[in-house]
Amino acid sequence: MPARSRLSDVVLELPDHSTCRVQRRLVVGPGRRGSLHTQFICTLPTGELVTWLAGKKYRLPDGKVGIAVAYCASLS
């Protein structure tokens with residue numbers, strides 16, 4: 001089974017009350033022993049990696065932690 005993915009945008013509120021957009025891609029592909037493997041890959045629009053900390057928390061490349069306040073499925 002080839003890998004599939006779904007892209008969505010996440011709007012984060014940062015500690016200084018500004019916001020930023022993170023692109024979150026859910027990648028689903030074959031795992032070990034025939035099971036499915038899922039993984040979130042999160043980036044800024046510039047391509048820098050963002051770490052999903054679980055729940056609604058994300059860590060930006062500069063170390064700031066943002067809280068997700070909105071989600072939007074992308075058309076691409």
# chains A, B, ... in the order shown; residues from 1 in each chain; ligands from 1
>>> residues_around(residues="Ile41 in chain A", least_positions_apart="6", cutoff="9 Å", atoms="only C-alpha atoms", output="ChimeraX atom specification")
/A:23-27,49-52
>>> select_by_dssp(residues="chain A", states="strand (DSSP E or B)", output="VMD selection string")
chain A and resid 4 to 13 19 to 30 36 to 43 49 to 54 57 to 59 65 to 73
>>> residues_around(residues="Ala68 in chain A", least_positions_apart="3", cutoff="6 Å", atoms="only C-alpha atoms", output="count of residues only")
3
>>> residues_around(residues="Leu14 in chain A", least_positions_apart="4", cutoff="7 Å", atoms="only C-alpha atoms", output="count of residues only")
5
>>> closest_residue(among="A:Ser5, A:Ala70, A:Arg59, A:Glu48", to="Val28 in chain A", atoms="only C-alpha atoms")
A:Ser5
